[in-house]
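Asks: Structure file target-v9.pdb, PDB, C-alpha atoms, is pasted below:
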```pdb
ATOM      1  CA  MET A1312     117.636 134.849  66.455
ATOM      2  CA  ASN A1313     118.397 135.600  62.851
ATOM      3  CA  THR A1314     121.444 133.583  61.993
ATOM      4  CA  ALA A1315     121.127 134.205  58.285
ATOM      5  CA  ASN A1316     122.419 137.737  58.014
ATOM      6  CA  PRO A1317     125.933 138.620  59.046
ATOM      7  CA  SER A1318     125.783 141.456  61.535
ATOM      8  CA  THR A1319     127.630 144.492  60.321
ATOM      9  CA  GLY A1320     129.943 147.053  61.694
ATOM     10  CA  HIS A1321     130.876 145.554  65.072
ATOM     11  CA  HIS A1322     133.653 143.210  64.075
ATOM     12  CA  ASP A1323     137.090 144.167  65.229
ATOM     13  CA  ARG A1324     139.362 143.300  62.295
ATOM     14  CA  CYS A1325     137.682 139.947  61.606
ATOM     15  CA  ARG A1326     134.377 138.126  61.768
ATOM     16  CA  ILE A1327     134.171 134.820  63.650
ATOM     17  CA  VAL A1328     131.470 132.383  62.550
ATOM     18  CA  VAL A1329     130.425 129.112  64.204
ATOM     19  CA  ASP A1330     127.531 126.761  63.498
ATOM     20  CA  THR A1331     124.803 125.484  65.786
ATOM     21  CA  CYS A1332     126.779 122.267  66.450
ATOM     22  CA  ALA A1333     129.026 124.346  68.742
ATOM     23  CA  ASP A1334     126.006 124.833  71.038
ATOM     24  CA  LEU A1335     127.026 128.431  71.717
ATOM     25  CA  THR A1336     123.947 130.177  73.130
ATOM     26  CA  PRO A1337     122.550 133.110  71.127
ATOM     27  CA  GLU A1338     123.055 135.343  74.200
ATOM     28  CA  ILE A1339     126.761 134.508  74.545
ATOM     29  CA  ALA A1340     127.236 134.739  70.756
ATOM     30  CA  ALA A1341     125.671 138.217  70.703
ATOM     31  CA  THR A1342     127.822 139.367  73.628
ATOM     32  CA  LEU A1343     130.987 138.052  71.970
ATOM     33  CA  ASP A1344     129.985 139.246  68.490
ATOM     34  CA  VAL A1345     130.084 135.807  66.888
ATOM     35  CA  ASP A1346     127.796 134.808  64.006
ATOM     36  CA  ILE A1347     125.955 131.469  64.164
ATOM     37  CA  LEU A1348     125.017 129.469  61.086
ATOM     38  CA  GLY A1349     121.995 127.201  61.636
ATOM     39  CA  PHE A1350     122.256 123.486  60.810
ATOM     40  CA  PRO A1351     119.137 121.671  59.557
ATOM     41  CA  TYR A1352     117.501 118.835  61.497
ATOM     42  CA  ILE A1353     114.487 116.685  60.689
ATOM     43  CA  LEU A1354     111.881 115.755  63.294
ATOM     44  CA  ASP A1355     109.269 113.197  62.208
ATOM     45  CA  GLY A1356     109.829 114.096  58.559
ATOM     46  CA  VAL A1357     109.627 117.887  59.001
ATOM     47  CA  GLU A1358     112.779 119.927  58.402
ATOM     48  CA  HIS A1359     113.686 122.642  60.926
ATOM     49  CA  THR A1360     116.683 124.928  61.331
ATOM     50  CA  ASP A1361     118.508 124.496  64.623
ATOM     51  CA  ASP A1362     118.277 127.953  66.219
ATOM     52  CA  ILE A1363     119.613 126.846  69.624
ATOM     53  CA  TRP A1364     116.296 126.721  71.486
ATOM     54  CA  THR A1365     114.891 129.986  70.197
ATOM     55  CA  SER A1366     111.756 128.358  68.737
ATOM     56  CA  THR A1367     111.455 125.284  70.988
ATOM     57  CA  THR A1368     112.688 124.201  74.427
ATOM     58  CA  PRO A1369     115.065 121.359  75.303
ATOM     59  CA  LYS A1370     112.299 119.712  77.340
ATOM     60  CA  ALA A1371     109.780 119.833  74.470
ATOM     61  CA  PHE A1372     112.300 118.443  71.957
ATOM     62  CA  TYR A1373     113.649 115.643  74.157
ATOM     63  CA  ASP A1374     110.155 114.698  75.364
ATOM     64  CA  GLN A1375     109.216 114.173  71.721
ATOM     65  CA  LEU A1376     112.230 111.862  71.314
ATOM     66  CA  ARG A1377     111.284 110.010  74.521
ATOM     67  CA  ALA A1378     107.798 109.510  73.073
ATOM     68  CA  GLY A1379     109.281 107.893  69.956
ATOM     69  CA  ALA A1380     109.639 110.811  67.511
ATOM     70  CA  LYS A1381     112.339 110.201  64.900
ATOM     71  CA  ALA A1382     115.056 112.836  64.627
ATOM     72  CA  SER A1383     117.855 113.045  62.061
ATOM     73  CA  THR A1384     120.125 115.682  60.550
ATOM     74  CA  SER A1385     121.388 116.655  57.126
ATOM     75  CA  ALA A1386     124.492 118.572  56.141
ATOM     76  CA  VAL A1387     124.382 122.268  55.378
ATOM     77  CA  SER A1388     124.018 122.664  51.617
ATOM     78  CA  LEU A1389     126.606 124.246  49.367
ATOM     79  CA  GLY A1390     123.958 126.837  48.416
ATOM     80  CA  ARG A1391     123.359 127.848  52.032
ATOM     81  CA  TYR A1392     127.092 128.354  52.596
ATOM     82  CA  LEU A1393     127.395 130.317  49.346
ATOM     83  CA  GLU A1394     124.547 132.631  50.325
ATOM     84  CA  PHE A1395     126.097 133.314  53.734
ATOM     85  CA  PHE A1396     129.707 133.711  52.540
ATOM     86  CA  ILE A1397     128.627 136.054  49.710
ATOM     87  CA  GLN A1398     126.936 138.292  52.318
ATOM     88  CA  CYS A1399     130.181 138.239  54.315
ATOM     89  CA  ALA A1400     132.211 139.097  51.192
ATOM     90  CA  GLU A1401     129.915 141.991  50.317
ATOM     91  CA  GLU A1402     130.303 143.340  53.847
ATOM     92  CA  GLY A1403     134.055 142.915  53.399
ATOM     93  CA  THR A1404     135.334 142.002  56.878
ATOM     94  CA  PRO A1405     137.892 139.143  56.824
ATOM     95  CA  THR A1406     135.987 136.045  57.978
ATOM     96  CA  ILE A1407     136.939 132.857  59.780
ATOM     97  CA  TYR A1408     134.465 129.978  60.051
ATOM     98  CA  LEU A1409     135.129 127.424  62.804
ATOM     99  CA  CYS A1410     133.234 124.517  61.265
ATOM    100  CA  PHE A1411     131.828 121.402  62.953
ATOM    101  CA  THR A1412     134.133 118.379  62.702
ATOM    102  CA  SER A1413     134.499 116.944  59.189
ATOM    103  CA  ALA A1414     134.679 113.467  60.773
ATOM    104  CA  LEU A1415     130.956 113.591  61.585
ATOM    105  CA  SER A1416     129.512 115.765  58.821
ATOM    106  CA  SER A1417     130.122 116.572  55.158
ATOM    107  CA  SER A1418     129.300 120.234  55.896
ATOM    108  CA  TYR A1419     133.000 121.115  56.139
ATOM    109  CA  ASP A1420     133.589 119.993  52.517
ATOM    110  CA  SER A1421     130.641 122.086  51.321
ATOM    111  CA  ALA A1422     131.927 125.091  53.286
ATOM    112  CA  CYS A1423     135.385 124.756  51.700
ATOM    113  CA  ARG A1424     133.876 124.550  48.203
ATOM    114  CA  ALA A1425     131.669 127.570  48.864
ATOM    115  CA  ALA A1426     134.643 129.551  50.226
ATOM    116  CA  GLU A1427     136.625 128.711  47.047
ATOM    117  CA  GLU A1428     133.810 129.990  44.825
ATOM    118  CA  VAL A1429     133.465 133.183  46.852
ATOM    119  CA  ARG A1430     137.238 133.782  46.703
ATOM    120  CA  ARG A1431     137.121 133.487  42.925
ATOM    121  CA  ALA A1432     134.284 136.021  42.705
ATOM    122  CA  HIS A1433     135.805 138.301  45.380
ATOM    123  CA  PRO A1434     139.606 137.894  45.105
ATOM    124  CA  ASP A1435     140.264 140.585  47.715
ATOM    125  CA  PHE A1436     138.052 138.963  50.345
ATOM    126  CA  GLU A1437     139.767 136.914  53.057
ATOM    127  CA  ILE A1438     137.857 133.831  54.204
ATOM    128  CA  TYR A1439     139.206 130.863  56.176
ATOM    129  CA  VAL A1440     137.338 127.643  56.925
ATOM    130  CA  VAL A1441     138.780 125.696  59.874
ATOM    131  CA  ASP A1442     137.743 122.108  60.620
ATOM    132  CA  ASN A1443     137.336 122.372  64.389
ATOM    133  CA  ALA A1444     137.563 118.542  64.765
ATOM    134  CA  LEU A1445     135.418 118.997  67.877
ATOM    135  CA  PRO A1446     131.992 117.493  68.443
ATOM    136  CA  CYS A1447     129.327 119.224  70.531
ATOM    137  CA  ALA A1448     129.891 122.273  72.752
ATOM    138  CA  CYS A1449     133.686 121.850  72.646
ATOM    139  CA  GLY A1450     133.325 124.153  69.627
ATOM    140  CA  ALA A1451     131.959 126.869  71.929
ATOM    141  CA  LEU A1452     135.146 126.817  74.031
ATOM    142  CA  LEU A1453     137.253 127.252  70.879
ATOM    143  CA  ALA A1454     135.071 130.154  69.696
ATOM    144  CA  ILE A1455     135.151 131.938  73.073
ATOM    145  CA  GLU A1456     138.942 131.800  73.189
ATOM    146  CA  ALA A1457     139.160 132.831  69.508
ATOM    147  CA  VAL A1458     137.231 135.992  70.428
ATOM    148  CA  ARG A1459     139.781 136.731  73.124
ATOM    149  CA  GLN A1460     142.638 136.214  70.665
ATOM    150  CA  ARG A1461     140.881 138.489  68.157
ATOM    151  CA  ALA A1462     140.793 141.193  70.852
ATOM    152  CA  THR A1463     144.567 140.869  71.325
ATOM    153  CA  GLY A1464     144.979 141.768  67.656
ATOM    154  CA  LEU A1465     145.323 138.473  65.766
ATOM    155  CA  THR A1466     144.380 138.839  62.095
ATOM    156  CA  ALA A1467     141.935 136.430  60.440
ATOM    157  CA  ARG A1468     144.838 134.473  58.909
ATOM    158  CA  GLU A1469     146.625 134.232  62.264
ATOM    159  CA  LEU A1470     143.404 133.298  64.003
ATOM    160  CA  ALA A1471     142.804 130.413  61.562
ATOM    161  CA  ALA A1472     146.331 129.112  62.259
ATOM    162  CA  TRP A1473     145.788 129.599  66.001
ATOM    163  CA  ALA A1474     142.493 127.635  65.970
ATOM    164  CA  ASP A1475     144.128 124.778  64.070
ATOM    165  CA  GLU A1476     146.779 124.474  66.777
ATOM    166  CA  ALA A1477     144.536 125.203  69.762
ATOM    167  CA  LYS A1478     141.814 122.632  69.055
ATOM    168  CA  THR A1479     143.903 119.674  70.287
ATOM    169  CA  TYR A1480     144.045 121.245  73.772
ATOM    170  CA  ILE A1481     140.265 121.005  74.156
ATOM    171  CA  HIS A1482     138.896 117.876  75.822
ATOM    172  CA  GLY A1483     135.348 116.579  75.915
ATOM    173  CA  TYR A1484     133.960 113.578  77.794
ATOM    174  CA  PHE A1485     130.358 112.497  77.831
ATOM    175  CA  THR A1486     127.986 109.747  78.779
ATOM    176  CA  LEU A1487     124.626 108.754  77.322
ATOM    177  CA  ASP A1488     121.546 107.357  78.973
ATOM    178  CA  ASN A1489     121.477 104.601  76.349
ATOM    179  CA  LEU A1490     122.862 103.847  72.923
ATOM    180  CA  ASP A1491     119.532 103.840  71.069
ATOM    181  CA  ALA A1492     120.002 107.145  69.245
ATOM    182  CA  LEU A1493     123.543 106.228  68.119
ATOM    183  CA  ALA A1494     122.224 102.872  66.868
ATOM    184  CA  ALA A1495     119.312 104.537  65.039
ATOM    185  CA  GLY A1496     121.770 106.908  63.351
ATOM    186  CA  GLY A1497     123.908 103.957  62.218
ATOM    187  CA  ARG A1498     126.820 104.982  64.460
ATOM    188  CA  ILE A1499     126.847 101.624  66.335
ATOM    189  CA  PRO A1500     125.204  98.190  65.737
ATOM    190  CA  PRO A1501     121.621  97.869  67.107
ATOM    191  CA  ALA A1502     122.563  94.656  68.970
ATOM    192  CA  ALA A1503     125.144  96.581  71.026
ATOM    193  CA  ALA A1504     122.469  99.116  72.017
ATOM    194  CA  GLN A1505     120.034  96.388  73.099
ATOM    195  CA  LEU A1506     122.663  94.607  75.159
ATOM    196  CA  SER A1507     123.744  97.800  76.900
ATOM    197  CA  SER A1508     120.192  98.672  78.049
ATOM    198  CA  LYS A1509     119.652  95.113  79.340
ATOM    199  CA  LEU A1510     122.808  95.328  81.456
ATOM    200  CA  ASP A1511     122.310  99.006  82.469
ATOM    201  CA  ILE A1512     125.623  99.774  80.790
ATOM    202  CA  LYS A1513     126.363 103.461  80.248
ATOM    203  CA  PRO A1514     128.947 104.324  77.618
ATOM    204  CA  ALA A1515     131.817 106.722  78.352
ATOM    205  CA  LEU A1516     132.665 108.593  75.158
ATOM    206  CA  SER A1517     135.185 111.100  73.925
ATOM    207  CA  PHE A1518     136.631 111.940  70.484
ATOM    208  CA  ASP A1519     139.898 111.449  68.659
ATOM    209  CA  LEU A1520     142.112 113.987  66.890
ATOM    210  CA  SER A1521     140.024 113.851  63.718
ATOM    211  CA  GLY A1522     136.867 114.626  65.705
ATOM    212  CA  SER A1523     135.416 111.107  65.427
ATOM    213  CA  LEU A1524     133.626 109.703  68.461
ATOM    214  CA  SER A1525     135.565 107.163  70.492
ATOM    215  CA  LEU A1526     134.330 104.834  73.230
ATOM    216  CA  THR A1527     136.649 105.264  76.216
ATOM    217  CA  GLY A1528     134.920 102.795  78.516
ATOM    218  CA  VAL A1529     131.644 101.469  79.890
ATOM    219  CA  CYS A1530     130.152 101.823  83.373
ATOM    220  CA  ARG A1531     127.443  99.896  85.185
ATOM    221  CA  GLY A1532     124.829 102.489  86.077
ATOM    222  CA  ARG A1533     124.462 106.213  85.707
ATOM    223  CA  LYS A1534     126.225 107.272  88.936
ATOM    224  CA  LYS A1535     129.419 105.447  87.946
ATOM    225  CA  ALA A1536     129.258 107.006  84.481
ATOM    226  CA  LEU A1537     129.028 110.513  85.985
ATOM    227  CA  LYS A1538     131.906 109.767  88.366
ATOM    228  CA  GLY A1539     133.852 108.612  85.296
ATOM    229  CA  LEU A1540     133.428 112.101  83.776
ATOM    230  CA  VAL A1541     134.970 113.620  86.922
ATOM    231  CA  LYS A1542     137.858 111.141  86.715
ATOM    232  CA  SER A1543     138.545 112.031  83.044
ATOM    233  CA  PHE A1544     138.461 115.705  84.013
ATOM    234  CA  LYS A1545     140.989 115.219  86.846
ATOM    235  CA  GLU A1546     143.352 113.262  84.580
ATOM    236  CA  ASN A1547     143.409 115.817  81.763
ATOM    237  CA  TYR A1548     142.558 119.258  83.107
ATOM    238  CA  VAL A1549     145.237 121.941  83.251
ATOM    239  CA  ALA A1550     144.085 124.570  85.749
ATOM    240  CA  ASP A1551     143.739 128.041  84.259
ATOM    241  CA  PRO A1552     141.126 130.216  85.974
ATOM    242  CA  SER A1553     140.824 132.421  82.882
ATOM    243  CA  MET A1554     139.516 129.495  80.765
ATOM    244  CA  PRO A1555     135.874 128.478  81.242
ATOM    245  CA  ILE A1556     134.691 124.877  81.645
ATOM    246  CA  GLY A1557     131.568 123.765  79.760
ATOM    247  CA  ILE A1558     128.906 121.412  81.098
ATOM    248  CA  VAL A1559     125.966 120.572  78.844
ATOM    249  CA  SER A1560     123.150 118.074  78.975
ATOM    250  CA  ALA A1561     120.342 116.770  76.805
ATOM    251  CA  ASP A1562     117.525 117.557  79.247
ATOM    252  CA  ALA A1563     119.380 116.013  82.213
ATOM    253  CA  GLU A1564     119.811 119.125  84.365
ATOM    254  CA  LYS A1565     119.971 117.306  87.716
ATOM    255  CA  ASP A1566     122.922 115.218  86.556
ATOM    256  CA  ALA A1567     124.609 118.331  85.118
ATOM    257  CA  ASP A1568     124.094 120.044  88.515
ATOM    258  CA  TRP A1569     125.702 117.056  90.260
ATOM    259  CA  LEU A1570     128.635 117.166  87.837
ATOM    260  CA  GLU A1571     129.171 120.914  88.319
ATOM    261  CA  ALA A1572     129.149 120.517  92.130
ATOM    262  CA  ALA A1573     131.683 117.670  91.850
ATOM    263  CA  ILE A1574     133.975 119.718  89.578
ATOM    264  CA  ARG A1575     133.825 122.725  91.918
ATOM    265  CA  ARG A1576     135.201 120.526  94.720
ATOM    266  CA  GLU A1577     138.348 119.838  92.669
ATOM    267  CA  GLU A1578     141.484 121.813  93.464
ATOM    268  CA  GLY A1579     141.489 125.293  91.927
ATOM    269  CA  CYS A1580     137.960 124.919  90.503
ATOM    270  CA  ALA A1581     135.819 126.549  93.206
ATOM    271  CA  ASP A1582     135.545 129.860  91.341
ATOM    272  CA  VAL A1583     136.176 128.824  87.743
ATOM    273  CA  THR A1584     133.560 129.968  85.202
ATOM    274  CA  VAL A1585     131.300 127.038  84.298
ATOM    275  CA  LEU A1586     129.239 127.583  81.156
ATOM    276  CA  ARG A1587     126.028 125.583  81.335
ATOM    277  CA  GLY A1588     123.953 124.763  78.292
ATOM    278  CA  SER A1589     121.558 122.374  76.625
ATOM    279  CA  VAL A1590     122.664 120.124  73.786
ATOM    280  CA  GLY A1591     120.973 121.516  70.661
ATOM    281  CA  PRO A1592     118.697 119.521  68.327
ATOM    282  CA  THR A1593     121.460 118.874  65.756
ATOM    283  CA  ILE A1594     123.635 116.960  68.231
ATOM    284  CA  GLY A1595     120.602 115.853  70.272
ATOM    285  CA  ALA A1596     119.214 113.951  67.287
ATOM    286  CA  HIS A1597     122.271 111.659  67.446
ATOM    287  CA  VAL A1598     122.728 111.264  71.207
ATOM    288  CA  GLY A1599     119.135 111.255  72.450
ATOM    289  CA  PRO A1600     117.864 112.545  75.795
ATOM    290  CA  GLY A1601     120.028 112.098  78.880
ATOM    291  CA  MET A1602     123.482 112.925  77.520
ATOM    292  CA  VAL A1603     125.763 114.753  79.973
ATOM    293  CA  ALA A1604     129.096 116.205  78.847
ATOM    294  CA  ILE A1605     132.028 118.135  80.254
ATOM    295  CA  MET A1606     134.419 120.183  78.112
ATOM    296  CA  PHE A1607     137.593 121.955  79.169
ATOM    297  CA  TRP A1608     141.067 123.087  78.132
ATOM    298  CA  GLY A1609     143.778 120.601  79.126
ATOM    299  CA  ARG A1610     146.989 118.940  78.040
ATOM    300  CA  ASP A1611     147.666 118.604  74.293
ATOM    301  CA  ARG A1612     145.777 115.542  73.063
ATOM    302  CA  ALA A1613     148.112 115.348  70.047
ATOM    303  CA  GLU A1614     151.009 114.409  72.333
ATOM    304  CA  SER A1615     149.355 111.234  73.561
ATOM    305  CA  ILE A1616     148.837 109.707  70.121
ATOM    306  CA  SER A1617     150.871 106.722  69.063
ATOM    307  CA  LEU A1618     154.114 107.080  67.153
ATOM    308  CA  SER A1619     152.547 105.587  64.043
ATOM    309  CA  ASP A1620     149.634 108.053  64.151
ATOM    310  CA  ARG A1621     152.058 110.928  64.593
ATOM    311  CA  ILE A1622     153.946 109.874  61.466
ATOM    312  CA  ALA A1623     150.652 109.673  59.545
ATOM    313  CA  LYS A1624     149.766 113.167  60.756
ATOM    314  CA  ARG A1625     153.120 114.507  59.496
ATOM    315  CA  VAL A1626     152.628 112.825  56.127
ATOM    316  CA  ARG A1627     149.169 114.370  55.806
ATOM    317  CA  ALA A1628     150.511 117.814  56.743
ATOM    318  CA  ALA A1629     153.250 117.550  54.108
ATOM    319  CA  ARG A1630     150.840 116.672  51.281
TER
END
```
If you took the structure in this file and wrote it as structure tokens, what would it be?

Replies:
Amino acid sequence: MNTANPSTGHHDRCRIVVDTCADLTPEIAATLDVDILGFPYILDGVEHTDDIWTSTTPKAFYDQLRAGAKASTSAVSLGRYLEFFIQCAEEGTPTIYLCFTSALSSSYDSACRAAEEVRRAHPDFEIYVVDNALPCACGALLAIEAVRQRATGLTARELAAWADEAKTYIHGYFTLDNLDALAAGGRIPPAAAQLSSKLDIKPALSFDLSGSLSLTGVCRGRKKALKGLVKSFKENYVADPSMPIGIVSADAEKDADWLEAAIRREEGCADVTVLRGSVGPTIGAHVGPGMVAIMFWGRDRAESISLSDRIAKRVRAAR
């Protein structure tokens, strides 16, 4: 897949761009006419571009991690964004980039700076950078719905405003096999990771409104952790058969199969579209093999925040 060159001519009124952190498969992206920008990752000191399993397989990548290979990521450079946005500007279609959460990567800042430079050079070109505040494949759900809104006639400006509002209705819950990768990436203290493997403790994780990871609980054993994902789904899902549900794993297909079967037994979910996928190398470097996640549209997460946080949010919006 060539993610470098914006495709031309097919966009209806506006171009939608995501990055590989959204874990949108190249096939779905091509069908929906969405451009994907590749994030860099480093495996045992060698830099690669995440092309969503075009040049390697989930099994090969995660087996390397299981064997002790070191994986890390770096932000997309200002230069890379400039190159891509300039191509978009020269093609001329209004562009909206749904960027990976700024809470976990400095890429969003670079994208905003690049967009500013391109606007100065091309004052007539419309470009919007939206912080999706969503880790992992939650970004794919936002992009898929954005495509549907584009088809109803929303302009690029309206679509950017829509995405900013819509993102708090997307939920994601996931569990990891262990905390080693998060500890290696400096996301949690190494002692916590060691203790959790000794006690067979599996973390239950989600994310807050800024897109930062949050620990929602711990479970003894994998089965309980997977049942916990179903419980989180039941508590927050708002049934809408037109909205797909996403289930992804980091080379843990059997557990993802179990989760899908469990979800399909829930009321109104027998025939819902379930998008299955593999967690790409960019996210995989931080979570390690064995992650299983479920993503879906549900109640507005912004409504459940504390009064004090709501005031802070208003203050920030007024700045």

Asks: Just give me the gap between atom CA of Ser1366 of chain A and atom CA of Ile1397 of chain A in Å, one decimal is fine.

Replies: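 We find that atom CA of Ser1366 of chain A and atom CA of Ile1397 of chain A lie 26.6 Å from each other.
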
Asks: Is there a way to get, as a list in words, all residues within 12 Å of the point (134.9, 130.1, 44.9) in file coordinates, counting all atoms listed in the file?

Replies: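 Residues lying no farther than 12 Å from the given point: Leu1389, Gly1390, Tyr1392, Leu1393, Glu1394, Phe1396, Ile1397, Ala1400, Ser1421, Ala1422, Cys1423, Arg1424, Ala1425, Ala1426, Glu1427, Glu1428, Val1429, Arg1430, Arg1431, Ala1432, His1433, Pro1434, Phe1436, Glu1437 and Ile1438 of chain A.
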
Asks: Convert the output of the PyMOL selection byres ((chain A and resi 1368) around 12) on the shown file into explicit residues, formatted as a list in words.

Replies: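 Applied to this file, the PyMOL selection byres ((chain A and resi 1368) around 12) returns Asp1361, Asp1362, Ile1363, Trp1364, Thr1365, Ser1366, Thr1367, Pro1369, Lys1370, Ala1371, Phe1372, Tyr1373, Asp1374, Gln1375, Ala1561, Asp1562, Gly1588, Ser1589, Val1590, Gly1591 and Pro1592 of chain A.
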
Asks: For a quick check of your reading of the model, name the residues lying within 8 Å of the coordinate (122.3, 101.3, 71.1), counting only C-alpha atoms, and write them as a PDB file with C-alpha atoms, in the coordinates of the input.

Replies:
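Output file out-v8.pdb is given in full below:
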```
ATOM      1  CA  ASN A1489     121.477 104.601  76.349  1.00  0.00           C
ATOM      2  CA  LEU A1490     122.862 103.847  72.923  1.00  0.00           C
ATOM      3  CA  ASP A1491     119.532 103.840  71.069  1.00  0.00           C
ATOM      4  CA  ALA A1492     120.002 107.145  69.245  1.00  0.00           C
ATOM      5  CA  LEU A1493     123.543 106.228  68.119  1.00  0.00           C
ATOM      6  CA  ALA A1494     122.224 102.872  66.868  1.00  0.00           C
ATOM      7  CA  ALA A1495     119.312 104.537  65.039  1.00  0.00           C
ATOM      8  CA  ILE A1499     126.847 101.624  66.335  1.00  0.00           C
ATOM      9  CA  PRO A1500     125.204  98.190  65.737  1.00  0.00           C
ATOM     10  CA  PRO A1501     121.621  97.869  67.107  1.00  0.00           C
ATOM     11  CA  ALA A1502     122.563  94.656  68.970  1.00  0.00           C
ATOM     12  CA  ALA A1503     125.144  96.581  71.026  1.00  0.00           C
ATOM     13  CA  ALA A1504     122.469  99.116  72.017  1.00  0.00           C
ATOM     14  CA  GLN A1505     120.034  96.388  73.099  1.00  0.00           C
ATOM     15  CA  LEU A1506     122.663  94.607  75.159  1.00  0.00           C
ATOM     16  CA  SER A1507     123.744  97.800  76.900  1.00  0.00           C
ATOM     17  CA  SER A1508     120.192  98.672  78.049  1.00  0.00           C
TER      18      SER A1508
END
```

Asks: Here is a test: counting all atoms listed in the file, which residue of A:Thr1466, A:Gln1398, A:Ser1560, A:Ser1525 is nearest to Val1598 of chain A?

Replies: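 Nearest to Val1598 of chain A: A:Ser1560.
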
Asks: Rounded to one decimal in Å, what is the spacing between atom CA of Cys1325 of chain A and atom CA of Thr1412 of chain A?

Replies: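 For atom CA of Cys1325 of chain A relative to atom CA of Thr1412 of chain A, the distance reads 21.9 Å.
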
Asks: Using all atoms listed in the file, which residue out of A:Met1606, A:Ala1467, A:Ala1382, A:Val1585 lies closest to His1482 of chain A?

Replies: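 So, comparing all the options, the nearest one is A:Met1606.
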
Asks: Between A:Lys1381, A:His1597, A:Lys1538, A:Arg1326, which residue has the minimum interatomic distance to Gly1356 of chain A, considering all atoms listed in the file?

Replies: A:Lys1381

Asks: Evaluated on this file, the PyMOL selection byres ((chain A and resi 1526) around 10) picks out some residues - which ones are they, written as a list in words?

Replies: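 Written out, the selection comes to Tyr1484, Phe1485, Thr1486, Pro1514, Ala1515, Leu1516, Ser1517, Phe1518, Asp1519, Leu1524, Ser1525, Thr1527, Gly1528 and Val1529 of chain A.
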